[in-house]
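Structure file coords_35.txt (compact mmCIF, C-alpha atoms) is printed below.
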# COMPACT_ATOMS: atom_id res chain seq x y z
CA MET A 1 -3.74 -21.25 -16.07
CA HIS A 2 -6.49 -18.74 -15.25
CA ALA A 3 -6.05 -19.47 -11.54
CA TYR A 4 -2.32 -18.76 -11.70
CA LEU A 5 -2.96 -15.52 -13.59
CA ALA A 6 -5.51 -14.47 -10.95
CA LEU A 7 -2.83 -14.87 -8.25
CA THR A 8 -0.86 -12.03 -9.84
CA LYS A 9 -3.88 -9.67 -9.49
CA PRO A 10 -3.73 -8.73 -13.20
CA ARG A 11 -5.93 -5.66 -12.77
CA LEU A 12 -3.02 -4.04 -10.92
CA LEU A 13 -0.42 -4.80 -13.59
CA PRO A 14 -1.45 -2.08 -16.11
CA LEU A 15 -0.41 0.50 -13.51
CA VAL A 16 3.06 -1.05 -13.46
CA LEU A 17 3.41 -0.82 -17.23
CA PHE A 18 1.67 2.54 -17.51
CA SER A 19 4.06 4.16 -15.01
CA GLY A 20 7.20 2.35 -16.14
CA LEU A 21 7.14 3.49 -19.77
CA PRO A 22 7.16 7.27 -19.14
CA ALA A 23 9.94 6.74 -16.59
CA LEU A 24 11.99 5.02 -19.29
CA ILE A 25 11.39 7.84 -21.76
CA LEU A 26 12.29 10.53 -19.23
CA ALA A 27 15.42 8.66 -18.19
CA GLU A 28 16.58 8.15 -21.78
CA GLY A 29 15.65 11.66 -22.88
CA HIS A 30 13.98 10.10 -25.94
CA TRP A 31 11.92 7.06 -26.90
CA PRO A 32 13.76 3.98 -25.53
CA SER A 33 14.84 1.08 -27.68
CA PRO A 34 12.02 -1.46 -28.17
CA ARG A 35 14.21 -4.19 -26.68
CA LEU A 36 14.97 -2.27 -23.49
CA ALA A 37 11.36 -1.15 -23.08
CA ALA A 38 9.87 -4.60 -23.68
CA TRP A 39 12.24 -6.50 -21.38
CA THR A 40 12.13 -3.88 -18.64
CA LEU A 41 8.34 -3.76 -18.59
CA LEU A 42 8.14 -7.56 -18.73
CA GLY A 43 10.59 -7.96 -15.85
CA THR A 44 8.76 -5.32 -13.81
CA ALA A 45 5.39 -7.00 -14.46
CA LEU A 46 6.80 -10.40 -13.45
CA ALA A 47 8.21 -8.95 -10.23
CA ALA A 48 4.90 -7.25 -9.42
CA GLY A 49 3.05 -10.49 -10.17
CA ALA A 50 5.43 -12.35 -7.86
CA ALA A 51 4.76 -9.97 -4.98
CA ASN A 52 1.01 -10.26 -5.50
CA ALA A 53 1.13 -14.07 -5.72
CA LEU A 54 3.14 -14.35 -2.51
CA ASN A 55 0.76 -11.90 -0.83
CA SER A 56 -2.16 -14.08 -1.94
CA TYR A 57 -0.47 -17.15 -0.48
CA LEU A 58 0.19 -15.48 2.88
CA GLU A 59 -3.27 -13.90 3.19
CA ARG A 60 -5.32 -16.87 1.93
CA GLU A 61 -7.04 -17.50 5.29
CA ARG A 62 -7.98 -13.85 5.77
CA ASP A 63 -9.11 -13.62 2.12
CA ALA A 64 -11.55 -16.48 2.80
CA ARG A 65 -13.34 -14.29 5.37
CA MET A 66 -13.87 -11.39 2.96
CA ALA A 67 -16.68 -11.38 0.39
CA ARG A 68 -14.59 -9.42 -2.11
CA THR A 69 -11.70 -11.91 -1.99
CA ALA A 70 -13.37 -15.23 -1.10
CA THR A 71 -13.55 -16.29 -4.76
CA ARG A 72 -9.81 -15.93 -5.34
CA PRO A 73 -7.99 -19.16 -6.28
CA LEU A 74 -6.64 -20.02 -2.82
CA PRO A 75 -9.62 -19.31 -0.53
CA SER A 76 -11.97 -20.92 -3.06
CA GLY A 77 -9.83 -24.07 -3.25
CA THR A 78 -9.16 -23.74 -6.98
CA LEU A 79 -5.41 -23.87 -6.37
CA ARG A 80 -3.37 -25.58 -3.68
CA PRO A 81 -1.30 -23.24 -1.44
CA GLU A 82 2.04 -24.95 -2.14
CA ARG A 83 1.56 -24.42 -5.87
CA ALA A 84 0.82 -20.74 -5.33
CA LEU A 85 3.94 -20.38 -3.22
CA ALA A 86 6.08 -22.10 -5.86
CA PHE A 87 4.54 -19.92 -8.56
CA GLY A 88 5.35 -16.74 -6.64
CA LEU A 89 8.94 -17.81 -6.06
CA VAL A 90 9.41 -18.73 -9.73
CA LEU A 91 8.03 -15.35 -10.82
CA SER A 92 10.44 -13.63 -8.40
CA VAL A 93 13.42 -15.37 -10.00
CA LEU A 94 12.15 -14.75 -13.53
CA GLY A 95 11.38 -11.07 -12.93
CA THR A 96 14.71 -10.20 -11.36
CA GLY A 97 16.54 -12.38 -13.89
CA VAL A 98 14.91 -10.65 -16.85
CA LEU A 99 15.75 -7.22 -15.47
CA TRP A 100 19.36 -8.19 -14.78
CA GLY A 101 19.80 -9.72 -18.22
CA ALA A 102 18.09 -6.91 -20.11
CA ALA A 103 19.63 -4.01 -18.20
CA SER A 104 21.84 -4.43 -15.12
CA ALA A 105 21.95 -5.47 -11.49
CA ALA A 106 20.49 -2.13 -10.37
CA PRO A 107 16.87 -2.60 -11.57
CA ALA A 108 16.98 -6.28 -10.60
CA GLY A 109 18.10 -5.35 -7.09
CA ILE A 110 15.35 -2.74 -6.75
CA ALA A 111 12.72 -5.24 -7.91
CA LEU A 112 13.96 -7.90 -5.50
CA ALA A 113 14.03 -5.42 -2.62
CA ALA A 114 10.45 -4.39 -3.45
CA ILE A 115 9.26 -8.01 -3.41
CA LEU A 116 10.94 -8.71 -0.08
CA PHE A 117 9.65 -5.46 1.43
CA TYR A 118 6.10 -6.16 0.26
CA VAL A 119 6.10 -9.73 1.53
CA PHE A 120 7.95 -9.44 4.84
CA VAL A 121 7.56 -5.83 5.96
CA TYR A 122 4.09 -5.02 4.61
CA THR A 123 2.20 -8.34 4.41
CA LEU A 124 3.65 -10.29 7.32
CA TRP A 125 4.64 -7.59 9.78
CA LEU A 126 2.69 -4.34 9.39
CA LYS A 127 -0.64 -5.12 7.70
CA PRO A 128 -2.00 -7.40 10.47
CA ARG A 129 -0.85 -4.97 13.18
CA THR A 130 -1.28 -1.34 12.17
CA PRO A 131 -3.61 0.76 10.00
CA PHE A 132 -0.57 2.72 8.85
CA ALA A 133 0.69 -0.29 6.87
CA VAL A 134 -0.77 1.26 3.71
CA ILE A 135 2.04 3.81 3.73
CA ALA A 136 4.65 1.05 3.72
CA GLY A 137 2.71 -0.86 1.08
CA GLY A 138 2.76 2.26 -1.06
CA VAL A 139 6.53 2.01 -1.36
CA SER A 140 6.35 -1.33 -3.19
CA GLY A 141 3.29 -0.24 -5.16
CA ALA A 142 5.13 2.78 -6.55
CA ILE A 143 8.40 1.04 -7.41
CA ALA A 144 7.92 0.58 -11.19
CA PRO A 145 9.27 4.04 -12.18
CA LEU A 146 12.40 3.47 -10.09
CA ILE A 147 13.03 0.10 -11.78
CA ALA A 148 12.56 1.66 -15.22
CA ASP A 149 14.79 4.63 -14.40
CA ALA A 150 17.56 2.35 -13.15
CA ALA A 151 17.19 0.09 -16.20
CA ALA A 152 17.75 3.06 -18.51
CA ASN A 153 20.85 4.57 -16.92
CA GLY A 154 21.90 2.47 -13.92
CA THR A 155 20.85 5.10 -11.37
CA ILE A 156 17.65 6.76 -10.18
CA SER A 157 17.16 10.32 -11.38
CA LEU A 158 14.88 13.08 -10.12
CA SER A 159 12.25 12.21 -12.74
CA GLY A 160 12.11 8.64 -11.46
CA TRP A 161 11.61 9.84 -7.90
CA LEU A 162 8.85 12.24 -9.00
CA LEU A 163 6.90 9.48 -10.74
CA PHE A 164 7.44 7.29 -7.70
CA GLY A 165 6.13 10.14 -5.54
CA ILE A 166 2.95 10.53 -7.59
CA ILE A 167 1.97 6.88 -7.12
CA PHE A 168 3.12 6.76 -3.51
CA LEU A 169 1.07 9.82 -2.49
CA TRP A 170 -1.94 8.62 -4.47
CA GLN A 171 -2.18 5.24 -2.73
CA PRO A 172 -3.38 6.24 0.79
CA PRO A 173 -6.51 8.14 -0.34
CA HIS A 174 -7.16 5.41 -2.91
CA PHE A 175 -6.94 2.68 -0.26
CA TYR A 176 -8.86 4.60 2.42
CA ALA A 177 -11.77 4.80 -0.04
CA ILE A 178 -11.60 1.02 -0.58
CA ALA A 179 -11.46 0.38 3.17
CA MET A 180 -14.45 2.62 3.90
CA ASN A 181 -16.47 0.95 1.14
CA HIS A 182 -15.62 -2.57 2.37
CA ARG A 183 -15.35 -1.94 6.11
CA THR A 184 -17.30 -5.09 7.08
CA ASP A 185 -14.97 -7.28 5.01
CA TYR A 186 -11.87 -5.87 6.66
CA GLU A 187 -13.44 -6.28 10.11
CA ARG A 188 -14.12 -9.96 9.37
CA ALA A 189 -10.57 -10.50 8.16
CA GLY A 190 -9.12 -8.83 11.25
CA PHE A 191 -7.14 -6.14 9.45
CA PRO A 192 -6.84 -2.91 11.48
CA MET A 193 -8.19 0.02 9.47
CA LEU A 194 -7.50 3.70 10.02
CA HIS A 195 -11.18 4.61 10.27
CA ASP A 196 -11.52 2.14 13.17
CA ARG A 197 -8.57 3.71 14.97
CA ILE A 198 -9.23 7.43 14.51
CA GLY A 199 -12.78 7.57 13.08
CA ASP A 200 -14.22 8.36 9.64
CA THR A 201 -13.89 12.13 9.88
CA ALA A 202 -10.21 12.10 10.79
CA THR A 203 -9.52 9.47 8.11
CA CYS A 204 -11.23 11.56 5.43
CA ARG A 205 -9.26 14.62 6.54
CA ARG A 206 -6.01 12.70 6.22
CA SER A 207 -7.11 11.49 2.81
CA LEU A 208 -7.68 15.10 1.78
CA LEU A 209 -4.17 16.01 2.94
CA TRP A 210 -2.69 13.20 0.84
CA VAL A 211 -4.60 14.50 -2.21
CA LEU A 212 -3.35 18.03 -1.52
CA SER A 213 0.24 16.77 -1.36
CA LEU A 214 -0.15 15.32 -4.86
CA LEU A 215 -0.51 18.71 -6.55
CA PRO A 216 3.09 20.04 -6.30
CA VAL A 217 4.54 16.62 -7.16
CA THR A 218 2.43 16.14 -10.29
CA LEU A 219 3.19 19.68 -11.47
CA ALA A 220 6.93 19.51 -10.67
CA PRO A 221 7.84 18.03 -14.11
CA VAL A 222 6.27 21.10 -15.74
CA TRP A 223 8.26 23.48 -13.53
CA LEU A 224 11.42 21.51 -14.33
CA GLY A 225 10.71 21.61 -18.07
CA THR A 226 10.60 17.83 -18.57
CA LEU A 227 6.89 17.89 -19.40
CA GLY A 228 4.83 20.54 -21.15
CA LEU A 229 1.91 22.80 -20.32
CA GLY A 230 -0.57 20.42 -21.96
CA TYR A 231 0.27 17.74 -19.44
CA GLY A 232 0.13 20.35 -16.67
CA ALA A 233 -3.37 21.51 -17.66
CA VAL A 234 -4.71 17.95 -17.85
CA THR A 235 -3.26 16.79 -14.55
CA LEU A 236 -4.40 19.98 -12.82
CA ALA A 237 -7.97 19.39 -14.00
CA LEU A 238 -7.79 15.74 -12.93
CA TRP A 239 -6.41 16.74 -9.54
CA ALA A 240 -9.25 19.24 -9.04
CA TRP A 241 -11.72 16.42 -9.80
CA PHE A 242 -10.01 14.11 -7.31
CA PHE A 243 -9.84 16.85 -4.66
CA ALA A 244 -13.53 17.72 -5.07
CA GLN A 245 -14.44 14.06 -4.65
CA ALA A 246 -12.27 13.78 -1.53
CA VAL A 247 -14.16 16.78 -0.11
CA GLN A 248 -17.44 14.99 -0.86
CA LEU A 249 -16.18 11.93 1.01
CA LEU A 250 -15.34 14.12 4.02
CA ARG A 251 -18.85 15.58 3.98
CA ARG A 252 -20.84 12.36 3.46
CA GLN A 253 -18.63 9.55 4.82
CA ASP A 254 -20.76 6.76 3.35
CA ALA A 255 -20.02 3.66 1.27
CA PRO A 256 -21.44 4.96 -2.07
CA THR A 257 -19.29 8.10 -1.85
CA ALA A 258 -16.26 6.02 -0.90
CA LYS A 259 -16.86 3.83 -3.95
CA ARG A 260 -17.06 6.90 -6.20
CA THR A 261 -13.87 8.24 -4.62
CA PHE A 262 -12.13 4.94 -5.42
CA ARG A 263 -13.21 5.22 -9.06
CA VAL A 264 -12.24 8.88 -9.31
CA SER A 265 -8.82 8.09 -7.85
CA LEU A 266 -8.27 5.51 -10.60
CA GLY A 267 -9.38 7.99 -13.24
CA TYR A 268 -7.00 10.57 -11.84
CA LEU A 269 -3.98 8.28 -11.93
CA VAL A 270 -4.68 6.77 -15.35
CA GLY A 271 -5.41 10.20 -16.78
CA THR A 272 -2.26 11.74 -15.31
CA PHE A 273 0.06 9.05 -16.65
CA GLY A 274 -1.86 9.00 -19.94
CA ALA A 275 -1.31 12.75 -20.33
CA MET A 276 2.34 12.21 -19.46
CA LEU A 277 2.75 9.58 -22.19
CA VAL A 278 0.98 11.72 -24.79
CA ASP A 279 3.19 14.69 -23.92
CA LEU A 280 6.34 12.59 -24.21
CA VAL A 281 5.27 11.00 -27.50
CA VAL A 282 4.47 14.40 -29.00
CA ARG A 283 7.85 15.76 -27.88
CA SER A 284 9.69 12.75 -29.32
CA VAL A 285 8.29 13.30 -32.82
CA GLN A 286 8.87 17.04 -32.93
Using the file provided, produce a representation of the structure as structure tokens.
Amino acid sequence: MHAYLALTKPRLLPLVLFSGLPALILAEGHWPSPRLAAWTLLGTALAAGAANALNSYLERERDARMARTATRPLPSGTLRPERALAFGLVLSVLGTGVLWGAASAAPAGIALAAILFYVFVYTLWLKPRTPFAVIAGGVSGAIAPLIADAAANGTISLSGWLLFGIIFLWQPPHFYAIAMNHRTDYERAGFPMLHDRIGDTATCRRSLLWVLSLLPVTLAPVWLGTLGLGYGAVTLALWAWFFAQAVQLLRRQDAPTAKRTFRVSLGYLVGTFGAMLVDLVVRSVQ
């Protein structure tokens, strides 16, 4: 069972749940019903797990060449590939089925499209060929708020797109830091990385631009009145921390700084969505 759970990359799933819940609250205009919230988050988590399991199946040979992924169930031989494939397909059916049954065809369709995009467009087509694949991968990685928004009202509202935008814009600088910290691993696996194509300095500059683009998107809910000044102050401070670390990465361009940038990026995202949830909970009880 542990091997099957590892296929879903469970460390990534909290992001799915953490970003889906505030999207539900914003879409409903109040705290959602426990049934809708539970089934929507479960269906979203199953769909995300399906995409990750299928990605693990398709990249098992490359994962075996990388120190950071060689101990995963497939490259280590803990699990047979055909079982991993079957598991990913079953999760795909379960995830979309749960979303359709709990809400409507809209969130189920978005989840299915995200799985297919992640597997065929990102994993099979772009990732082995271009360092710009991370941008396409960011679409699937940021899909949870859109699923939640559609589950609440059958359509995607501006708030859903804004939450999608936060995660989408956050992913390139987050991934560039990972790639710079594990550059030897990615070279062994044969994945083209941006720093190999345009150099470390240009990559760090692009990363800084992605971080800059986050500021207006994270503050937009405050300008629109859907979130309060408390959230705005917290996310502004977190953004300044993230930006300062991105500047440090541009100056030093070494693995330890890249690793710190990765950790700061996680702190920024968790803190931003945490502040969002606190703001929404406080508003719901007033």
query = Which is closer to Leu116 in chain A than all the others in A:Gln248, A:Asn55, A:Thr71, A:Ser76, using only C-alpha atoms?
reply = A:Asn55
request  = Name the residues in contact with range 257-270 of chain A at a cut-off of 8 Å, using only C-alpha atoms, excluding same-chain residues fewer than 4 positions from it; report them as a PyMOL selection string.
outcome  = chain A and resi 15+18+167+170+173-175+177-178+180-181+235+238-239+241-242+245-246+248-249+252-253+274
Residue selection dump (C-alpha atoms) as a JSON list (two decimals), keeping the file's coordinate frame:
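See selection09.json below for the written result:
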[["chain", "number", "residue", "atom", "x", "y", "z"],
["A", 15, "LEU", "CA", -0.41, 0.50, -13.51],
["A", 18, "PHE", "CA", 1.67, 2.54, -17.51],
["A", 167, "ILE", "CA", 1.97, 6.88, -7.12],
["A", 170, "TRP", "CA", -1.94, 8.62, -4.47],
["A", 173, "PRO", "CA", -6.51, 8.14, -0.34],
["A", 174, "HIS", "CA", -7.16, 5.41, -2.91],
["A", 175, "PHE", "CA", -6.94, 2.68, -0.26],
["A", 177, "ALA", "CA", -11.77, 4.80, -0.04],
["A", 178, "ILE", "CA", -11.60, 1.02, -0.58],
["A", 180, "MET", "CA", -14.45, 2.62, 3.90],
["A", 181, "ASN", "CA", -16.47, 0.95, 1.14],
["A", 235, "THR", "CA", -3.26, 16.79, -14.55],
["A", 238, "LEU", "CA", -7.79, 15.74, -12.93],
["A", 239, "TRP", "CA", -6.41, 16.74, -9.54],
["A", 241, "TRP", "CA", -11.72, 16.42, -9.80],
["A", 242, "PHE", "CA", -10.01, 14.11, -7.31],
["A", 245, "GLN", "CA", -14.44, 14.06, -4.65],
["A", 246, "ALA", "CA", -12.27, 13.78, -1.53],
["A", 248, "GLN", "CA", -17.44, 14.99, -0.86],
["A", 249, "LEU", "CA", -16.18, 11.93, 1.01],
["A", 252, "ARG", "CA", -20.84, 12.36, 3.46],
["A", 253, "GLN", "CA", -18.63, 9.55, 4.82],
["A", 274, "GLY", "CA", -1.86, 9.00, -19.94]]
query = So which residues are close to (14.7, 9.8, -17.8), meaning at most 8 Å away in the file's coordinates with all atoms listed in the file counted, and can you show them as a PyMOL selection string?
reply = chain A and resi 23-29+149+152+157+159-160
Find the spatial neighbours of Glu59 in chain A, counting only C-alpha atoms, within a cut-off of 12 Å - ignore same-chain residues fewer than 3 positions away - and output them as a PDB file with C-alpha atoms, in the frame of the given file.
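Contents of around.pdb, as written:
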ATOM      1  CA  LEU A   7      -2.830 -14.870  -8.250  1.00  0.00           C
ATOM      2  CA  ASN A  52       1.010 -10.260  -5.500  1.00  0.00           C
ATOM      3  CA  ALA A  53       1.130 -14.070  -5.720  1.00  0.00           C
ATOM      4  CA  LEU A  54       3.140 -14.350  -2.510  1.00  0.00           C
ATOM      5  CA  ASN A  55       0.760 -11.900  -0.830  1.00  0.00           C
ATOM      6  CA  SER A  56      -2.160 -14.080  -1.940  1.00  0.00           C
ATOM      7  CA  ARG A  62      -7.980 -13.850   5.770  1.00  0.00           C
ATOM      8  CA  ASP A  63      -9.110 -13.620   2.120  1.00  0.00           C
ATOM      9  CA  ALA A  64     -11.550 -16.480   2.800  1.00  0.00           C
ATOM     10  CA  ARG A  65     -13.340 -14.290   5.370  1.00  0.00           C
ATOM     11  CA  MET A  66     -13.870 -11.390   2.960  1.00  0.00           C
ATOM     12  CA  THR A  69     -11.700 -11.910  -1.990  1.00  0.00           C
ATOM     13  CA  ALA A  70     -13.370 -15.230  -1.100  1.00  0.00           C
ATOM     14  CA  ARG A  72      -9.810 -15.930  -5.340  1.00  0.00           C
ATOM     15  CA  PRO A  73      -7.990 -19.160  -6.280  1.00  0.00           C
ATOM     16  CA  LEU A  74      -6.640 -20.020  -2.820  1.00  0.00           C
ATOM     17  CA  PRO A  75      -9.620 -19.310  -0.530  1.00  0.00           C
ATOM     18  CA  PRO A  81      -1.300 -23.240  -1.440  1.00  0.00           C
ATOM     19  CA  ALA A  84       0.820 -20.740  -5.330  1.00  0.00           C
ATOM     20  CA  LEU A  85       3.940 -20.380  -3.220  1.00  0.00           C
ATOM     21  CA  VAL A 119       6.100  -9.730   1.530  1.00  0.00           C
ATOM     22  CA  TYR A 122       4.090  -5.020   4.610  1.00  0.00           C
ATOM     23  CA  THR A 123       2.200  -8.340   4.410  1.00  0.00           C
ATOM     24  CA  LEU A 124       3.650 -10.290   7.320  1.00  0.00           C
ATOM     25  CA  LYS A 127      -0.640  -5.120   7.700  1.00  0.00           C
ATOM     26  CA  PRO A 128      -2.000  -7.400  10.470  1.00  0.00           C
ATOM     27  CA  ALA A 189     -10.570 -10.500   8.160  1.00  0.00           C
ATOM     28  CA  GLY A 190      -9.120  -8.830  11.250  1.00  0.00           C
ATOM     29  CA  PHE A 191      -7.140  -6.140   9.450  1.00  0.00           C
TER      30      PHE A 191
END
Ala148 in chain A surroundings by all atoms listed in the file, 10 Å radius, close-in-sequence under 5 positions cut, as a count of residues only = 26
message = Please determine, counting only C-alpha atoms, which residue among A:Val139, A:Val211, A:His30, A:Val16 has the shortest atom-to-atom distance to Asp279 in chain A.
response = A:His30
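In this structure, CA of Phe243 in chain A sits 7.3 Å away from CA of Leu212 in chain A.
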note = In Å and to one decimal, CA of Gly138 in chain A is distant from CA of Ile115 in chain A by 12.4 Å
task = Using all atoms listed in the file, collect all residues at a distance of at most 8 Å from (7.0, -0.1, -7.0) as written in the file, then present them as a ChimeraX atom specification.
result = /A:16,48,111,114,138-147,164
ask   = CA of Tyr176 in chain A and CA of Lys9 in chain A are how many Å apart?
value = 19.2 Å
Enclose range 138-145 of chain A, meaning all of its atoms listed in the file, in a box aligned along x, y and z, pad it by 6 Å on each side, and list the centre and edge lengths in Å to one decimal, as AutoDock Vina command-line options.
--center_x 6.0 --center_y 1.4 --center_z -6.6 --size_x 18.5 --size_y 17.4 --size_z 23.1
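Residue nearest Ala240 in chain A, chosen from A:Asp254, A:Leu215, A:Leu209, A:Ile198 and counting all atoms listed in the file: A:Leu215.
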message = Please determine, counting all atoms listed in the file, which residue among A:Thr8, A:Thr203, A:Ser33, A:Thr130 has the shortest atom-to-atom distance to Phe87 in chain A.
response = A:Thr8
